[in-house]
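Trainee: Have a look at the structure that comes next, please.
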Amino acid sequence: MSHRRILIGVAMLWAGATGLHAQATSQVTTTTVRGRVEVIGAEGKGKTRHGAIPGTVVWLTPMTGAGSEATAAASPSANPRLVQKNKSFDPHILVVPVGSMVEFPNHDPFFHNVFSLFEGKRFDLGLYEAGTTRTVRFDRLGISYIFCNIHPEMSAVVITMATPLYAISNRDGQLSLVGVTYGRYMLHVWSEGMGPENAQPLTREITIAENASSLGVIRVPEANGQRMAHKNKYGRDYDEPTPNNSVYKQQR
């Protein structure tokens with residue numbers, strides 16, 4: 001009899017624990033949060049005069065007690081890359097978890113000098129030739145504006161964050177964040193039209209709930225058509241390319 005009572009007691013405890021687990025699980029509700037990017041002054045048309053919406057990134061960081069089980073950004077399975085090709089960076093906007101090692105391979109047949117001297121991660125990789133690469137650890141949260149000291153037309157942005165809850169707008173300005181737990185968050189917004197002089201994203205508090213799972217319309221400044229006008233790494237205007245300068249010559 002005593003053995004049977006023990007078995008019954010264990011079974012009741014297991015059933016009770018299972019019920020508590022099911023109750024706790026049922027309380028964690030996630031949803032997909034959507035939004036739409038429009039340009040300030042576009043009057044809801046969703047397009048700039050040039051027919052393009054500036055690249056925009058939004059991300060959520062939980063307030064106290066909100067979404068705590070999904071706050072840590074996942075480690076990348078491989079080092080993310082910002083490739084230099086055809087005098088441009090690919091991708092133009094890169095989001096990485098804090099602590100990521102980002103590779104900067106040079107796939108052009110000439111030298112590049114990648115640098116970032118704004119808020120975020122500051123570095124200067126110096127001149128390096130075709131077929132070689134450099135690596136930078138992005139160990140600081142924030143927005144890093146990336147340029148080449150030789151080619152002023154080259155620009156990119158690396159946004160380092162500690163949350164997996166982010167989205168990059170598509171060509172139509174649509175945004176979608178999957179797996180957001182109900183609760184209070186700080187919404188962060190960065191857009192290409194803001195420029196390097198605006199080192200901090202726009203922020204505001206929001207609440208995600210069953211009847212409030214939309215970011216609505218996010219209005220951002222229009223990009224000026226020039227990708228992030230800037231000075232060189234010495235704070236001066238770029239020199240005109242010199243044909244007999246070896247850094248501009250195609251390497252064989």
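Identifiers in this document derive from the order of the structure tokens: chains are assigned A, B, ..., residues are numbered from 1 separately in each chain, and ligands are numbered from 1 in order of occurrence.
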Near range 184-186 of chain A, counting only C-alpha atoms, which residues have an atom at most 6 Å away, once you skip same-chain residues fewer than 2 positions from it, shown as number ranges by chain?

Mentor: A: 60-63, 66, 204-207

Trainee: Using only C-alpha atoms, which residues sit within 9 Å of Ile208 in chain A once same-chain residues fewer than 6 positions away are excluded, as JSON, numbers by chain?

Mentor: {"A": [31, 33, 180, 181, 182, 183, 184, 185, 214]}

Trainee: Pick out the residues sitting within 9 Å of range 116-126 of chain A, and hand them over as a list in words; count only C-alpha atoms, and ignore anything fewer than 3 positions along from it in its own chain.

Mentor: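 These residues fall inside the cut-off: His112, Asn113, Arg134, Thr135, Val136, Arg137, Phe138, Asp139, Arg140, Leu141, Gly142, Ile143, Ser144, Tyr145, Ile146, Phe147, Cys148, Asn149, Val158, Ile159, Thr160, Pro196, Glu197, Ala199, Gln200 and Lys233 of chain A.
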
Trainee: Can I get the selected residues back with N, CA, C and O atoms, as a compact mmCIF listing (two decimals), in the first residue's frame?

Mentor:
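As a result, selection-v4.txt now contains:
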# COMPACT_ATOMS: atom_id res chain seq x y z
N HIS A 112 41.77 49.41 -51.56
CA HIS A 112 40.75 50.11 -50.79
C HIS A 112 41.35 50.48 -49.43
O HIS A 112 42.34 49.89 -48.99
N ASN A 113 40.73 51.46 -48.77
CA ASN A 113 41.11 51.84 -47.41
C ASN A 113 39.81 52.08 -46.63
O ASN A 113 39.25 53.17 -46.65
N ARG A 134 40.35 42.12 -44.47
CA ARG A 134 40.61 42.58 -43.10
C ARG A 134 39.38 42.23 -42.26
O ARG A 134 38.29 42.04 -42.78
N THR A 135 39.59 42.14 -40.94
CA THR A 135 38.50 41.76 -40.04
C THR A 135 38.42 42.74 -38.88
O THR A 135 39.45 43.17 -38.36
N VAL A 136 37.20 43.08 -38.50
CA VAL A 136 36.97 44.01 -37.39
C VAL A 136 35.95 43.39 -36.44
O VAL A 136 34.93 42.86 -36.88
N ARG A 137 36.23 43.45 -35.13
CA ARG A 137 35.26 43.01 -34.13
C ARG A 137 34.38 44.19 -33.74
O ARG A 137 34.87 45.20 -33.24
N PHE A 138 33.09 44.05 -33.94
CA PHE A 138 32.15 45.10 -33.57
C PHE A 138 31.64 44.80 -32.15
O PHE A 138 30.65 44.11 -31.95
N ASP A 139 32.38 45.33 -31.18
CA ASP A 139 32.13 45.03 -29.78
C ASP A 139 31.40 46.14 -29.05
O ASP A 139 31.31 46.12 -27.82
N ARG A 140 30.87 47.09 -29.78
CA ARG A 140 30.18 48.21 -29.17
C ARG A 140 28.83 48.40 -29.85
O ARG A 140 28.74 48.45 -31.07
N LEU A 141 27.77 48.49 -29.04
CA LEU A 141 26.44 48.74 -29.59
C LEU A 141 26.40 50.08 -30.29
O LEU A 141 27.01 51.06 -29.83
N GLY A 142 25.70 50.15 -31.40
CA GLY A 142 25.55 51.44 -32.06
C GLY A 142 25.61 51.33 -33.57
O GLY A 142 25.60 50.25 -34.16
N ILE A 143 25.68 52.50 -34.20
CA ILE A 143 25.64 52.63 -35.65
C ILE A 143 27.01 53.06 -36.15
O ILE A 143 27.54 54.09 -35.72
N SER A 144 27.59 52.27 -37.03
CA SER A 144 28.91 52.56 -37.58
C SER A 144 28.76 52.89 -39.07
O SER A 144 28.25 52.07 -39.84
N TYR A 145 29.19 54.09 -39.45
CA TYR A 145 29.18 54.50 -40.85
C TYR A 145 30.53 54.15 -41.47
O TYR A 145 31.57 54.57 -40.98
N ILE A 146 30.49 53.37 -42.54
CA ILE A 146 31.69 52.81 -43.14
C ILE A 146 31.95 53.48 -44.49
O ILE A 146 31.04 53.60 -45.32
N PHE A 147 33.21 53.89 -44.71
CA PHE A 147 33.58 54.54 -45.96
C PHE A 147 34.93 54.01 -46.44
O PHE A 147 35.61 53.26 -45.73
N CYS A 148 35.30 54.41 -47.66
CA CYS A 148 36.62 54.13 -48.21
C CYS A 148 37.34 55.46 -48.38
O CYS A 148 36.76 56.42 -48.89
N ASN A 149 38.59 55.52 -47.96
CA ASN A 149 39.33 56.78 -48.02
C ASN A 149 39.80 57.11 -49.44
O ASN A 149 40.28 58.22 -49.68
N VAL A 158 26.91 49.60 -40.58
CA VAL A 158 26.84 48.41 -39.74
C VAL A 158 26.15 48.81 -38.45
O VAL A 158 26.60 49.72 -37.75
N ILE A 159 25.04 48.14 -38.14
CA ILE A 159 24.31 48.40 -36.90
C ILE A 159 24.52 47.20 -35.98
O ILE A 159 24.17 46.08 -36.32
N THR A 160 25.13 47.47 -34.83
CA THR A 160 25.44 46.43 -33.85
C THR A 160 24.40 46.48 -32.75
O THR A 160 24.18 47.54 -32.15
N PRO A 196 25.29 60.53 -41.31
CA PRO A 196 26.27 60.25 -40.24
C PRO A 196 26.25 61.26 -39.11
O PRO A 196 26.69 60.96 -38.00
N GLU A 197 25.77 62.47 -39.37
CA GLU A 197 25.77 63.48 -38.32
C GLU A 197 24.74 63.17 -37.23
O GLU A 197 24.79 63.72 -36.14
N ALA A 199 24.04 60.39 -35.03
CA ALA A 199 24.64 59.12 -34.62
C ALA A 199 23.66 58.23 -33.85
O ALA A 199 23.88 57.03 -33.75
N GLN A 200 22.59 58.81 -33.30
CA GLN A 200 21.68 58.03 -32.49
C GLN A 200 20.37 57.78 -33.23
O GLN A 200 19.86 58.66 -33.93
N LYS A 233 39.12 60.39 -44.18
CA LYS A 233 39.47 60.03 -42.80
C LYS A 233 40.29 61.11 -42.10
O LYS A 233 40.46 61.05 -40.88

Trainee: Within range 34-214 of chain A, find each residue whose DSSP state, derived from the backbone, is helix (DSSP H, G or I), and express the selection as a PDB file with all heavy atoms, in the first residue's frame.

Mentor:
ATOM      1  N   SER A  68      11.721  39.018 -21.935  1.00  0.00           N
ATOM      2  CA  SER A  68      13.064  38.755 -21.427  1.00  0.00           C
ATOM      3  C   SER A  68      13.651  37.474 -21.975  1.00  0.00           C
ATOM      4  O   SER A  68      14.862  37.308 -22.038  1.00  0.00           O
ATOM      5  CB  SER A  68      13.032  38.693 -19.893  1.00  0.00           C
ATOM      6  OG  SER A  68      12.124  37.701 -19.455  1.00  0.00           O
ATOM      7  N   GLU A  69      12.788  36.532 -22.397  1.00  0.00           N
ATOM      8  CA  GLU A  69      13.292  35.259 -22.905  1.00  0.00           C
ATOM      9  C   GLU A  69      13.832  35.387 -24.323  1.00  0.00           C
ATOM     10  O   GLU A  69      14.377  34.441 -24.859  1.00  0.00           O
ATOM     11  CB  GLU A  69      12.184  34.187 -22.868  1.00  0.00           C
ATOM     12  CG  GLU A  69      11.058  34.399 -23.856  1.00  0.00           C
ATOM     13  CD  GLU A  69      10.110  35.504 -23.424  1.00  0.00           C
ATOM     14  OE1 GLU A  69      10.115  35.854 -22.234  1.00  0.00           O
ATOM     15  OE2 GLU A  69       9.382  36.013 -24.293  1.00  0.00           O
ATOM     16  N   ALA A  70      13.691  36.561 -24.963  1.00  0.00           N
ATOM     17  CA  ALA A  70      14.144  36.706 -26.353  1.00  0.00           C
ATOM     18  C   ALA A  70      14.990  37.948 -26.533  1.00  0.00           C
ATOM     19  O   ALA A  70      14.940  38.610 -27.553  1.00  0.00           O
ATOM     20  CB  ALA A  70      12.936  36.767 -27.274  1.00  0.00           C
ATOM     21  N   GLU A 192      18.429  55.756 -43.672  1.00  0.00           N
ATOM     22  CA  GLU A 192      19.570  56.256 -44.431  1.00  0.00           C
ATOM     23  C   GLU A 192      19.540  57.762 -44.622  1.00  0.00           C
ATOM     24  O   GLU A 192      20.576  58.415 -44.709  1.00  0.00           O
ATOM     25  CB  GLU A 192      19.610  55.558 -45.790  1.00  0.00           C
ATOM     26  CG  GLU A 192      20.867  55.817 -46.576  1.00  0.00           C
ATOM     27  CD  GLU A 192      20.953  54.939 -47.807  1.00  0.00           C
ATOM     28  OE1 GLU A 192      20.001  54.190 -48.073  1.00  0.00           O
ATOM     29  OE2 GLU A 192      21.988  55.012 -48.493  1.00  0.00           O
ATOM     30  N   GLY A 193      18.346  58.347 -44.656  1.00  0.00           N
ATOM     31  CA  GLY A 193      18.241  59.784 -44.816  1.00  0.00           C
ATOM     32  C   GLY A 193      18.692  60.579 -43.610  1.00  0.00           C
ATOM     33  O   GLY A 193      18.836  61.803 -43.680  1.00  0.00           O
ATOM     34  N   MET A 194      18.939  59.907 -42.477  1.00  0.00           N
ATOM     35  CA  MET A 194      19.360  60.608 -41.265  1.00  0.00           C
ATOM     36  C   MET A 194      20.801  61.091 -41.369  1.00  0.00           C
ATOM     37  O   MET A 194      21.156  62.131 -40.829  1.00  0.00           O
ATOM     38  CB  MET A 194      19.184  59.701 -40.046  1.00  0.00           C
ATOM     39  CG  MET A 194      17.736  59.359 -39.754  1.00  0.00           C
ATOM     40  SD  MET A 194      17.532  58.037 -38.532  1.00  0.00           S
ATOM     41  CE  MET A 194      18.303  58.768 -37.082  1.00  0.00           C
TER      42      MET A 194
END
